[in-house]
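Reproduced below: protein_0.pdb, with PDB, C-alpha atoms.
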```pdb
ATOM      1  CA  MET A   1      38.512  -6.364 -30.370
ATOM      2  CA  LEU A   2      35.055  -6.060 -31.923
ATOM      3  CA  ARG A   3      35.072  -2.345 -31.278
ATOM      4  CA  PHE A   4      38.507  -2.016 -32.908
ATOM      5  CA  LEU A   5      37.308  -3.917 -35.997
ATOM      6  CA  LYS A   6      34.181  -1.778 -36.219
ATOM      7  CA  ARG A   7      36.308   1.358 -36.086
ATOM      8  CA  TRP A   8      38.725   0.000 -38.668
ATOM      9  CA  PHE A   9      35.897  -0.831 -41.094
ATOM     10  CA  ARG A  10      34.238   2.519 -40.569
ATOM     11  CA  ARG A  11      37.543   4.269 -41.238
ATOM     12  CA  LEU A  12      38.113   2.187 -44.339
ATOM     13  CA  PHE A  13      34.754   3.090 -45.819
ATOM     14  CA  ALA A  14      34.560   6.539 -44.304
ATOM     15  CA  LYS A  15      32.322   9.016 -46.081
ATOM     16  CA  GLN A  16      33.656  12.446 -46.869
ATOM     17  CA  ASP A  17      30.606  14.348 -45.670
ATOM     18  CA  VAL A  18      29.711  12.687 -42.388
ATOM     19  CA  LYS A  19      26.561  14.078 -40.795
ATOM     20  CA  LEU A  20      26.705  14.125 -37.001
ATOM     21  CA  GLY A  21      23.240  14.802 -35.606
ATOM     22  CA  LEU A  22      22.361  16.159 -32.193
ATOM     23  CA  TYR A  23      19.028  14.692 -31.149
ATOM     24  CA  GLY A  24      17.008  14.681 -27.972
ATOM     25  CA  PRO A  25      13.971  16.073 -26.198
ATOM     26  CA  PRO A  26      13.337  19.847 -26.023
ATOM     27  CA  ASN A  27      15.503  21.842 -23.624
ATOM     28  CA  SER A  28      18.126  19.135 -23.170
ATOM     29  CA  GLY A  29      20.860  21.476 -24.416
ATOM     30  CA  LYS A  30      21.397  20.385 -28.028
ATOM     31  CA  THR A  31      21.968  23.914 -29.314
ATOM     32  CA  THR A  32      24.135  24.763 -26.301
ATOM     33  CA  LEU A  33      26.285  21.746 -27.197
ATOM     34  CA  ALA A  34      26.293  22.689 -30.895
ATOM     35  CA  ASN A  35      27.386  26.200 -29.901
ATOM     36  CA  ARG A  36      30.119  24.769 -27.653
ATOM     37  CA  ILE A  37      31.458  22.594 -30.503
ATOM     38  CA  CYS A  38      31.309  25.431 -33.036
ATOM     39  CA  LYS A  39      32.848  27.934 -30.628
ATOM     40  CA  ASP A  40      35.669  25.548 -29.663
ATOM     41  CA  TRP A  41      36.609  24.620 -33.240
ATOM     42  CA  LEU A  42      35.306  27.417 -35.481
ATOM     43  CA  GLY A  43      35.212  30.360 -33.094
ATOM     44  CA  GLU A  44      31.536  31.129 -33.733
ATOM     45  CA  GLU A  45      28.165  29.991 -32.394
ATOM     46  CA  LEU A  46      25.468  28.153 -34.331
ATOM     47  CA  GLY A  47      22.126  29.129 -32.835
ATOM     48  CA  LYS A  48      20.151  30.942 -30.177
ATOM     49  CA  VAL A  49      19.466  29.238 -26.856
ATOM     50  CA  SER A  50      16.689  29.902 -24.375
ATOM     51  CA  LYS A  51      15.210  28.469 -21.192
ATOM     52  CA  MET A  52      11.872  28.144 -22.970
ATOM     53  CA  ALA A  53      11.281  24.850 -24.774
ATOM     54  CA  HIS A  54      11.310  24.682 -28.584
ATOM     55  CA  GLU A  55      13.741  27.570 -29.072
ATOM     56  CA  THR A  56      15.257  25.655 -32.002
ATOM     57  CA  ARG A  57      12.446  25.042 -34.449
ATOM     58  CA  GLU A  58      14.451  24.521 -37.620
ATOM     59  CA  ILE A  59      17.278  22.172 -38.509
ATOM     60  CA  GLN A  60      20.582  24.044 -38.269
ATOM     61  CA  MET A  61      23.700  22.739 -39.930
ATOM     62  CA  LYS A  62      27.319  23.792 -39.717
ATOM     63  CA  GLU A  63      29.394  22.263 -42.463
ATOM     64  CA  SER A  64      32.992  21.116 -42.241
ATOM     65  CA  VAL A  65      33.609  21.195 -38.508
ATOM     66  CA  THR A  66      37.095  19.814 -37.869
ATOM     67  CA  ILE A  67      38.017  18.605 -34.411
ATOM     68  CA  LYS A  68      41.361  17.288 -33.172
ATOM     69  CA  SER A  69      41.996  14.480 -30.715
ATOM     70  CA  LYS A  70      44.555  14.456 -27.914
ATOM     71  CA  ASP A  71      46.880  12.309 -30.052
ATOM     72  CA  GLY A  72      46.685  14.612 -33.059
ATOM     73  CA  ARG A  73      44.046  12.863 -35.199
ATOM     74  CA  GLU A  74      41.626  15.052 -37.130
ATOM     75  CA  LEU A  75      37.961  14.477 -37.791
ATOM     76  CA  GLN A  76      35.693  16.474 -40.071
ATOM     77  CA  PHE A  77      31.907  16.345 -40.040
ATOM     78  CA  ASN A  78      28.809  18.368 -40.763
ATOM     79  CA  LEU A  79      27.128  19.186 -37.477
ATOM     80  CA  VAL A  80      23.329  18.993 -37.543
ATOM     81  CA  ASP A  81      21.459  20.575 -34.650
ATOM     82  CA  THR A  82      17.825  19.463 -34.597
ATOM     83  CA  PRO A  83      14.654  20.740 -32.921
ATOM     84  CA  GLY A  84      13.738  18.762 -29.808
ATOM     85  CA  ILE A  85      11.461  15.783 -30.356
ATOM     86  CA  ALA A  86       8.276  15.779 -28.303
ATOM     87  CA  THR A  87       4.926  13.997 -28.365
ATOM     88  CA  LYS A  88       2.964  17.125 -27.450
ATOM     89  CA  VAL A  89       3.175  20.855 -28.067
ATOM     90  CA  ASP A  90       0.840  23.114 -26.124
ATOM     91  CA  TYR A  91       0.796  26.795 -27.008
ATOM     92  CA  GLU A  92      -0.699  27.510 -23.572
ATOM     93  CA  GLU A  93       2.666  26.578 -22.040
ATOM     94  CA  PHE A  94       4.202  29.469 -23.978
ATOM     95  CA  LEU A  95       1.373  31.739 -22.810
ATOM     96  CA  LYS A  96       2.159  30.789 -19.207
ATOM     97  CA  ALA A  97       5.771  31.775 -19.841
ATOM     98  CA  GLY A  98       4.537  35.265 -20.703
ATOM     99  CA  MET A  99       4.408  35.103 -24.489
ATOM    100  CA  PRO A 100       1.632  36.976 -26.334
ATOM    101  CA  GLU A 101      -1.084  34.670 -27.742
ATOM    102  CA  LYS A 102      -0.330  35.232 -31.420
ATOM    103  CA  LYS A 103       3.374  34.614 -30.892
ATOM    104  CA  ALA A 104       2.682  31.545 -28.727
ATOM    105  CA  LYS A 105       0.469  29.990 -31.409
ATOM    106  CA  LYS A 106       3.070  30.707 -34.092
ATOM    107  CA  ARG A 107       5.792  29.184 -31.937
ATOM    108  CA  ALA A 108       3.687  26.055 -31.337
ATOM    109  CA  LYS A 109       3.028  25.666 -35.064
ATOM    110  CA  GLU A 110       6.717  26.052 -35.865
ATOM    111  CA  ALA A 111       7.619  23.635 -33.058
ATOM    112  CA  THR A 112       5.398  20.868 -34.484
ATOM    113  CA  LYS A 113       6.964  21.373 -37.910
ATOM    114  CA  GLY A 114      10.394  21.258 -36.266
ATOM    115  CA  VAL A 115       9.630  17.878 -34.652
ATOM    116  CA  ILE A 116       8.491  16.502 -38.022
ATOM    117  CA  ASP A 117      11.697  17.757 -39.688
ATOM    118  CA  SER A 118      13.865  16.216 -36.957
ATOM    119  CA  ILE A 119      12.164  12.858 -37.479
ATOM    120  CA  LYS A 120      12.523  13.106 -41.264
ATOM    121  CA  TRP A 121      16.249  13.807 -40.960
ATOM    122  CA  LEU A 122      16.901  10.981 -38.504
ATOM    123  CA  ASP A 123      17.534   8.323 -41.139
ATOM    124  CA  ASP A 124      19.990  10.579 -43.008
ATOM    125  CA  MET A 125      22.423  10.814 -40.112
ATOM    126  CA  ASP A 126      25.731   8.947 -40.163
ATOM    127  CA  ALA A 127      26.158   9.174 -36.394
ATOM    128  CA  VAL A 128      24.068  10.673 -33.627
ATOM    129  CA  VAL A 129      24.703  12.158 -30.230
ATOM    130  CA  VAL A 130      21.534  11.880 -28.161
ATOM    131  CA  VAL A 131      21.620  14.814 -25.773
ATOM    132  CA  LEU A 132      19.722  14.187 -22.552
ATOM    133  CA  ASP A 133      19.146  16.500 -19.636
ATOM    134  CA  ALA A 134      20.815  14.684 -16.726
ATOM    135  CA  THR A 135      18.447  16.379 -14.266
ATOM    136  CA  THR A 136      15.283  14.890 -15.799
ATOM    137  CA  ASP A 137      13.738  11.437 -16.100
ATOM    138  CA  PRO A 138      15.608   9.489 -18.815
ATOM    139  CA  TYR A 139      12.805   6.916 -19.217
ATOM    140  CA  SER A 140      10.739   9.179 -21.451
ATOM    141  CA  GLN A 141       9.363   7.336 -24.461
ATOM    142  CA  VAL A 142      10.768  10.001 -26.799
ATOM    143  CA  ASN A 143      14.320   9.066 -25.746
ATOM    144  CA  ILE A 144      13.566   5.367 -26.131
ATOM    145  CA  THR A 145      11.949   5.891 -29.551
ATOM    146  CA  ILE A 146      14.873   7.962 -30.877
ATOM    147  CA  ILE A 147      17.437   5.427 -29.668
ATOM    148  CA  GLY A 148      15.328   2.463 -30.819
ATOM    149  CA  ASN A 149      15.135   3.878 -34.343
ATOM    150  CA  LEU A 150      18.857   4.581 -34.484
ATOM    151  CA  GLN A 151      19.562   1.067 -33.263
ATOM    152  CA  ALA A 152      17.209  -0.440 -35.869
ATOM    153  CA  ARG A 153      19.006   1.494 -38.628
ATOM    154  CA  GLU A 154      22.429   0.634 -37.183
ATOM    155  CA  ILE A 155      23.353   4.313 -36.922
ATOM    156  CA  PRO A 156      26.149   4.724 -34.344
ATOM    157  CA  VAL A 157      24.902   6.502 -31.261
ATOM    158  CA  THR A 158      26.382   7.895 -28.094
ATOM    159  CA  ILE A 159      24.602   9.625 -25.242
ATOM    160  CA  ALA A 160      25.658  12.979 -23.848
ATOM    161  CA  ALA A 161      24.182  13.474 -20.395
ATOM    162  CA  ASN A 162      24.126  17.249 -20.269
ATOM    163  CA  LYS A 163      23.827  19.683 -17.343
ATOM    164  CA  VAL A 164      26.014  17.618 -14.980
ATOM    165  CA  ASP A 165      27.022  20.897 -13.362
ATOM    166  CA  LEU A 166      23.580  21.009 -11.733
ATOM    167  CA  ARG A 167      23.018  19.367  -8.339
ATOM    168  CA  LYS A 168      19.949  17.489  -9.528
ATOM    169  CA  ALA A 169      21.942  15.719 -12.263
ATOM    170  CA  ASN A 170      21.782  11.938 -11.948
ATOM    171  CA  MET A 171      24.260  10.106 -14.178
ATOM    172  CA  LYS A 172      23.536   6.759 -12.559
ATOM    173  CA  LYS A 173      19.899   6.933 -13.597
ATOM    174  CA  ILE A 174      20.860   7.565 -17.219
ATOM    175  CA  GLN A 175      23.401   4.744 -17.140
ATOM    176  CA  ALA A 176      20.745   2.441 -15.696
ATOM    177  CA  ALA A 177      18.259   3.438 -18.405
ATOM    178  CA  PHE A 178      20.677   2.889 -21.306
ATOM    179  CA  PRO A 179      23.287   0.384 -20.091
ATOM    180  CA  GLN A 180      24.324  -0.728 -23.574
ATOM    181  CA  TYR A 181      25.453   2.760 -24.683
ATOM    182  CA  ASN A 182      28.486   4.889 -24.041
ATOM    183  CA  ILE A 183      27.406   7.799 -21.900
ATOM    184  CA  VAL A 184      29.479  10.871 -21.336
ATOM    185  CA  GLY A 185      28.465  13.387 -18.694
ATOM    186  CA  ILE A 186      29.022  16.971 -19.793
ATOM    187  CA  SER A 187      28.096  20.537 -19.122
ATOM    188  CA  ALA A 188      27.801  22.066 -22.583
ATOM    189  CA  LYS A 189      27.238  25.473 -20.994
ATOM    190  CA  TYR A 190      30.448  25.497 -18.971
ATOM    191  CA  GLY A 191      32.524  23.067 -21.065
ATOM    192  CA  LYS A 192      32.865  20.537 -18.240
ATOM    193  CA  ASN A 193      34.220  17.184 -19.485
ATOM    194  CA  ILE A 194      33.998  18.423 -23.063
ATOM    195  CA  ASN A 195      37.377  16.913 -24.060
ATOM    196  CA  ASN A 196      36.095  13.466 -23.114
ATOM    197  CA  PHE A 197      33.058  14.193 -25.232
ATOM    198  CA  TYR A 198      35.268  14.980 -28.248
ATOM    199  CA  GLU A 199      37.173  11.707 -27.737
ATOM    200  CA  GLU A 200      33.801   9.955 -27.678
ATOM    201  CA  VAL A 201      32.899  11.597 -31.009
ATOM    202  CA  PHE A 202      36.129  10.209 -32.504
ATOM    203  CA  ASP A 203      35.148   6.793 -31.282
ATOM    204  CA  LEU A 204      31.597   7.203 -32.554
ATOM    205  CA  ILE A 205      32.491   8.201 -36.085
ATOM    206  CA  GLY A 206      35.462   5.864 -36.083
ATOM    207  CA  ALA A 207      38.261   8.205 -37.057
TER     208      ALA A 207
ATOM    209  CA  MET B   1     -14.370  11.033 -16.501
ATOM    210  CA  VAL B   2     -11.466   9.101 -17.977
ATOM    211  CA  THR B   3     -12.179   6.272 -20.423
ATOM    212  CA  PHE B   4      -9.728   3.421 -20.822
ATOM    213  CA  HIS B   5      -9.696   1.414 -24.008
ATOM    214  CA  VAL B   6      -8.018  -1.933 -23.427
ATOM    215  CA  MET B   7      -6.822  -3.306 -26.735
ATOM    216  CA  GLY B   8      -5.520  -6.775 -27.475
ATOM    217  CA  TYR B   9      -2.708  -6.970 -29.982
ATOM    218  CA  HIS B  10      -4.990  -8.889 -32.376
ATOM    219  CA  GLU B  11      -6.928  -5.636 -32.925
ATOM    220  CA  ILE B  12      -3.980  -4.079 -34.733
ATOM    221  CA  GLU B  13      -2.062  -7.166 -35.813
ATOM    222  CA  LYS B  14      -3.444  -7.342 -39.312
ATOM    223  CA  LEU B  15      -3.427  -3.614 -39.964
ATOM    224  CA  SER B  16      -0.730  -1.839 -41.956
ATOM    225  CA  SER B  17       1.627   0.481 -40.042
ATOM    226  CA  LEU B  18      -0.403   3.440 -41.211
ATOM    227  CA  GLY B  19      -3.623   1.708 -40.163
ATOM    228  CA  ARG B  20      -2.258   1.001 -36.688
ATOM    229  CA  ILE B  21      -1.140   4.593 -36.227
ATOM    230  CA  ARG B  22      -4.480   5.916 -37.492
ATOM    231  CA  LYS B  23      -6.466   3.664 -35.174
ATOM    232  CA  LEU B  24      -4.436   4.566 -32.080
ATOM    233  CA  LEU B  25      -4.353   8.259 -32.882
ATOM    234  CA  ASN B  26      -8.092   8.429 -33.543
ATOM    235  CA  LEU B  27      -8.812   6.832 -30.175
ATOM    236  CA  ALA B  28      -6.378   9.192 -28.437
ATOM    237  CA  LYS B  29      -7.969  12.175 -30.161
ATOM    238  CA  ASP B  30     -11.276  10.929 -28.826
ATOM    239  CA  ASN B  31      -9.775  11.456 -25.333
ATOM    240  CA  LYS B  32      -9.525   7.732 -24.618
ATOM    241  CA  ILE B  33      -6.549   6.246 -22.811
ATOM    242  CA  ILE B  34      -5.391   3.191 -24.715
ATOM    243  CA  LEU B  35      -3.845   0.227 -22.960
ATOM    244  CA  LEU B  36      -2.400  -1.828 -25.772
ATOM    245  CA  GLN B  37      -1.098  -5.334 -25.332
ATOM    246  CA  GLY B  38       2.349  -5.317 -26.916
ATOM    247  CA  ARG B  39       4.042  -2.436 -28.637
ATOM    248  CA  LEU B  40       4.612  -0.747 -31.948
ATOM    249  CA  ARG B  41       7.854  -1.163 -33.862
ATOM    250  CA  PRO B  42      10.351   1.703 -33.338
ATOM    251  CA  ASP B  43       9.646   3.068 -36.833
ATOM    252  CA  GLU B  44       5.902   2.963 -36.107
ATOM    253  CA  GLU B  45       6.436   4.825 -32.828
ATOM    254  CA  LYS B  46       8.399   7.422 -34.785
ATOM    255  CA  GLU B  47       5.606   7.714 -37.362
ATOM    256  CA  LEU B  48       3.035   7.988 -34.566
ATOM    257  CA  ILE B  49       4.905  10.997 -33.172
ATOM    258  CA  LYS B  50       5.127  12.505 -36.668
ATOM    259  CA  ALA B  51       1.415  11.953 -37.354
ATOM    260  CA  THR B  52       0.585  13.437 -33.949
ATOM    261  CA  MET B  53       2.574  16.578 -34.743
ATOM    262  CA  GLU B  54       0.769  16.939 -38.050
ATOM    263  CA  GLU B  55      -2.592  16.942 -36.277
ATOM    264  CA  ILE B  56      -1.898  19.257 -33.366
ATOM    265  CA  ASN B  57      -4.295  22.171 -33.252
ATOM    266  CA  LYS B  58      -6.156  24.309 -30.732
ATOM    267  CA  GLU B  59      -8.185  21.305 -29.489
ATOM    268  CA  PHE B  60      -5.585  18.539 -29.715
ATOM    269  CA  LYS B  61      -2.275  19.160 -27.929
ATOM    270  CA  GLY B  62      -0.597  15.865 -28.714
ATOM    271  CA  ILE B  63      -0.179  12.579 -26.893
ATOM    272  CA  GLU B  64       1.524  11.014 -23.916
ATOM    273  CA  LEU B  65       3.137   7.687 -24.674
ATOM    274  CA  ALA B  66       4.879   5.027 -22.621
ATOM    275  CA  VAL B  67       5.918   1.440 -23.194
ATOM    276  CA  ILE B  68       6.887  -1.176 -20.647
ATOM    277  CA  ASP B  69       8.599  -4.165 -22.166
ATOM    278  CA  PRO B  70      10.675  -6.607 -20.097
ATOM    279  CA  ARG B  71      13.024  -6.961 -23.076
ATOM    280  CA  ASP B  72      14.165  -3.347 -22.642
ATOM    281  CA  ARG B  73      15.449  -3.970 -19.132
ATOM    282  CA  VAL B  74      17.444  -7.134 -19.607
ATOM    283  CA  LYS B  75      20.643  -6.689 -21.545
ATOM    284  CA  ASP B  76      22.765  -9.778 -20.869
ATOM    285  CA  GLY B  77      22.753 -13.358 -19.755
ATOM    286  CA  LEU B  78      20.237 -16.142 -19.653
ATOM    287  CA  GLN B  79      17.326 -13.816 -19.045
ATOM    288  CA  LYS B  80      18.128 -11.901 -22.216
ATOM    289  CA  PHE B  81      18.212 -15.165 -24.142
ATOM    290  CA  LYS B  82      14.846 -16.091 -22.638
ATOM    291  CA  TYR B  83      13.293 -12.770 -23.646
ATOM    292  CA  ASP B  84      14.865 -12.950 -27.107
ATOM    293  CA  MET B  85      13.239 -16.339 -27.615
ATOM    294  CA  MET B  86       9.972 -14.953 -26.302
ATOM    295  CA  GLY B  87      10.327 -12.083 -28.779
ATOM    296  CA  LEU B  88      10.827 -14.526 -31.641
ATOM    297  CA  VAL B  89       7.587 -16.298 -30.789
ATOM    298  CA  LEU B  90       5.449 -13.351 -29.719
ATOM    299  CA  GLY B  91       6.912 -10.631 -31.929
ATOM    300  CA  MET B  92       5.705  -7.228 -30.787
ATOM    301  CA  GLN B  93       3.086  -8.699 -28.457
ATOM    302  CA  THR B  94       5.230  -8.470 -25.327
ATOM    303  CA  GLY B  95       4.935  -5.506 -23.007
ATOM    304  CA  ILE B  96       2.246  -2.872 -22.635
ATOM    305  CA  THR B  97       1.839   0.435 -24.438
ATOM    306  CA  ILE B  98      -0.082   3.327 -22.954
ATOM    307  CA  ILE B  99      -1.217   6.140 -25.204
ATOM    308  CA  GLY B 100      -3.419   9.025 -24.187
ATOM    309  CA  SER B 101      -4.260  12.463 -25.466
ATOM    310  CA  ALA B 102      -2.256  15.207 -23.755
ATOM    311  CA  ASN B 103      -5.643  16.848 -23.173
ATOM    312  CA  VAL B 104      -6.497  14.147 -20.609
ATOM    313  CA  VAL B 105      -3.109  12.740 -19.586
ATOM    314  CA  LYS B 106      -0.941  15.197 -17.741
ATOM    315  CA  LYS B 107       2.088  12.959 -17.466
ATOM    316  CA  ILE B 108       3.129   9.338 -17.658
ATOM    317  CA  LYS B 109       5.914   8.512 -15.211
ATOM    318  CA  ARG B 110       8.016   5.368 -15.727
ATOM    319  CA  ASP B 111      10.020   4.150 -12.817
ATOM    320  CA  PRO B 112      11.205   2.029 -14.873
ATOM    321  CA  SER B 113       9.187  -1.137 -14.307
ATOM    322  CA  LYS B 114       5.967   0.556 -13.267
ATOM    323  CA  ILE B 115       3.917   3.282 -14.864
ATOM    324  CA  GLU B 116       2.106   6.119 -13.124
ATOM    325  CA  LEU B 117      -0.548   7.902 -15.099
ATOM    326  CA  LEU B 118      -1.464  11.408 -14.030
ATOM    327  CA  THR B 119      -4.671  12.676 -15.579
ATOM    328  CA  LYS B 120      -6.205  16.106 -16.029
ATOM    329  CA  ASP B 121      -9.780  17.302 -15.732
ATOM    330  CA  VAL B 122     -11.304  17.514 -19.177
ATOM    331  CA  LYS B 123     -13.303  20.648 -19.771
ATOM    332  CA  LYS B 124     -16.236  19.821 -21.980
ATOM    333  CA  LYS B 125     -17.484  22.545 -24.260
ATOM    334  CA  LYS B 126     -21.170  23.365 -23.880
ATOM    335  CA  LYS B 127     -23.153  23.040 -27.059
ATOM    336  CA  LYS B 128     -25.122  26.148 -27.905
TER     337      LYS B 128
END
```

Would you mind writing the structure in this file as structure tokens?
Amino acid sequence: MLRFLKRWFRRLFAKQDVKLGLYGPPNSGKTTLANRICKDWLGEELGKVSKMAHETREIQMKESVTIKSKDGRELQFNLVDTPGIATKVDYEEFLKAGMPEKKAKKRAKEATKGVIDSIKWLDDMDAVVVVLDATTDPYSQVNITIIGNLQAREIPVTIAANKVDLRKANMKKIQAAFPQYNIVGISAKYGKNINNFYEEVFDLIGA
Amino acid sequence: MVTFHVMGYHEIEKLSSLGRIRKLLNLAKDNKIILLQGRLRPDEEKELIKATMEEINKEFKGIELAVIDPRDRVKDGLQKFKYDMMGLVLGMQTGITIIGSANVVKKIKRDPSKIELLTKDVKKKKKK
């Protein structure tokens, strides 16, 4: 009942240019998910993905993404893909991955700026999907800080546990870490469970 | 050698948010591992990460951060009520925060009610 009322109020006072942010730690698959959404509904990708952390170092936005629900409802939003939030950036990690020193230092500098931009944009979001890598430890303080800030600002949030196609994925651990949130297990890369994710987005934004 | 700095909440209680962040970050940059009684507010944690990013350079790689607060684990029932009441009285003084420079702390593992701190060897530069 409470959920229905929340949705009804949100629909009543719905903004025209809803910003849906994708937040999370580096390498959790935010850009892969953004690409999946854009490819499914606009037929084009948003950004480059890589196995190396901090591939996305600038905020990327795709305006006017319209998705449709199973029962024919439509929802339009501006999709904001953000650089991964981290508490440390070490250029030596990029060196180890085979990057030349100059490039590694530049990447580290851009990555720190990207984290700052992500944090600055956080309060401007109307709804957020926190994208977590289901194969890694969900108890990282970065995840808790992001979610804690969204909760404090009463910004609707849902959790996408990505990479469930991998054997190491542990949905139960994520559910145990964030029991008060809706969690949808997906594989952004292969599109697994992506329709349930879209239904969750409808619920999140309240359309 | 790893140096722990155990800090009571009273040490930061009267400081502004910026002052708290500055104090913690300066200690972390000094390669100390801070064990703080209590925790920062979510917006202060966010600002701590932002301030850390602004100061990353060749010598300082960032921080490792973890918080254990019983209030995070209990979501319903009488226990939640108990912790909520405790929160009203103690404010942000419940729980423990661990902050360390990424130069000395390799990783902080939460499991979720215990914390494991894995440290690195710090290479000291020889003065010429």

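Considering all atoms listed in the file, the residue among A:Thr112, A:Gln180, A:Ser140, A:Asn162 positioned nearest to A:Lys30 is A:Asn162.
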
Counting all atoms listed in the file, give me one row per residue of chain B with an atom at most 8 Å from an atom of chain A, showing the shortest contact pair and its distance in Å to one decimal, sorted by chain then residue number, as JSON lines.
```
{"residue": "B:Pro42", "atom": "CA", "partner": "A:Asn149", "partner_atom": "CA", "distance": 5.4}
{"residue": "B:Asp43", "atom": "CA", "partner": "A:Asn149", "partner_atom": "CA", "distance": 6.1}
{"residue": "B:Glu45", "atom": "CA", "partner": "A:Thr145", "partner_atom": "CA", "distance": 6.5}
{"residue": "B:Lys46", "atom": "CA", "partner": "A:Thr145", "partner_atom": "CA", "distance": 6.5}
{"residue": "B:Ile49", "atom": "CA", "partner": "A:Thr87", "partner_atom": "CA", "distance": 5.7}
{"residue": "B:Lys50", "atom": "CA", "partner": "A:Ile116", "partner_atom": "CA", "distance": 5.4}
{"residue": "B:Thr52", "atom": "CA", "partner": "A:Thr87", "partner_atom": "CA", "distance": 7.1}
{"residue": "B:Met53", "atom": "CA", "partner": "A:Thr112", "partner_atom": "CA", "distance": 5.1}
{"residue": "B:Glu54", "atom": "CA", "partner": "A:Thr112", "partner_atom": "CA", "distance": 7.0}
{"residue": "B:Ile56", "atom": "CA", "partner": "A:Val89", "partner_atom": "CA", "distance": 7.5}
{"residue": "B:Lys61", "atom": "CA", "partner": "A:Asp90", "partner_atom": "CA", "distance": 5.3}
{"residue": "B:Gly62", "atom": "CA", "partner": "A:Lys88", "partner_atom": "CA", "distance": 4.0}
{"residue": "B:Ile63", "atom": "CA", "partner": "A:Thr87", "partner_atom": "CA", "distance": 5.5}
{"residue": "B:Glu64", "atom": "CA", "partner": "A:Thr87", "partner_atom": "CA", "distance": 6.3}
{"residue": "B:Leu65", "atom": "CA", "partner": "A:Gln141", "partner_atom": "CA", "distance": 6.2}
{"residue": "B:Ala66", "atom": "CA", "partner": "A:Gln141", "partner_atom": "CA", "distance": 5.4}
{"residue": "B:Val67", "atom": "CA", "partner": "A:Gln141", "partner_atom": "CA", "distance": 6.9}
{"residue": "B:Arg73", "atom": "CA", "partner": "A:Ala177", "partner_atom": "CA", "distance": 8.0}
{"residue": "B:Lys75", "atom": "CA", "partner": "A:Gln180", "partner_atom": "CA", "distance": 7.3}
{"residue": "B:Ala102", "atom": "CA", "partner": "A:Lys88", "partner_atom": "CA", "distance": 6.7}
{"residue": "B:Lys109", "atom": "CA", "partner": "A:Ser140", "partner_atom": "CA", "distance": 7.9}
{"residue": "B:Arg110", "atom": "CA", "partner": "A:Tyr139", "partner_atom": "CA", "distance": 6.1}
{"residue": "B:Asp111", "atom": "CA", "partner": "A:Tyr139", "partner_atom": "CA", "distance": 7.5}
{"residue": "B:Pro112", "atom": "CA", "partner": "A:Tyr139", "partner_atom": "CA", "distance": 6.7}
```

**Request:** Please write as a PyMOL selection string the full residue list that the PyMOL selection byres ((chain A and resi 54) around 7) yields on this file.
**Result:** chain A and resi 26+52-53+55-57+83-84+111

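Reported to one decimal place, the separation of atom CA of B:Lys82 from atom CA of B:Gln37 is 19.4 Å.
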
**Message:** To test your reading of the syntax: which residues would the PyMOL selection byres ((chain B and resi 21-34) around 10) return for the file shown? Reply as a ChimeraX atom specification.
**Reply:** /B:1-7,11-12,15-20,35-37,40,44-45,47-49,51-52,55-56,59-65,96-105,117,119,122

**Request:** List, as a ChimeraX atom specification, every residue that the PyMOL selection byres ((chain A and resi 61) around 10) selects in the file provided.
**Result:** /A:19-21,34,46-47,58-60,62-64,78-82

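Taking only C-alpha atoms into account, A:Val184 lies nearest to A:Asp133 out of the set A:Glu110, A:Asp133, A:Glu154, A:Glu74.
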
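Going from atom CA of B:Gly95 to atom CA of A:Lys172 covers 24.6 Å.
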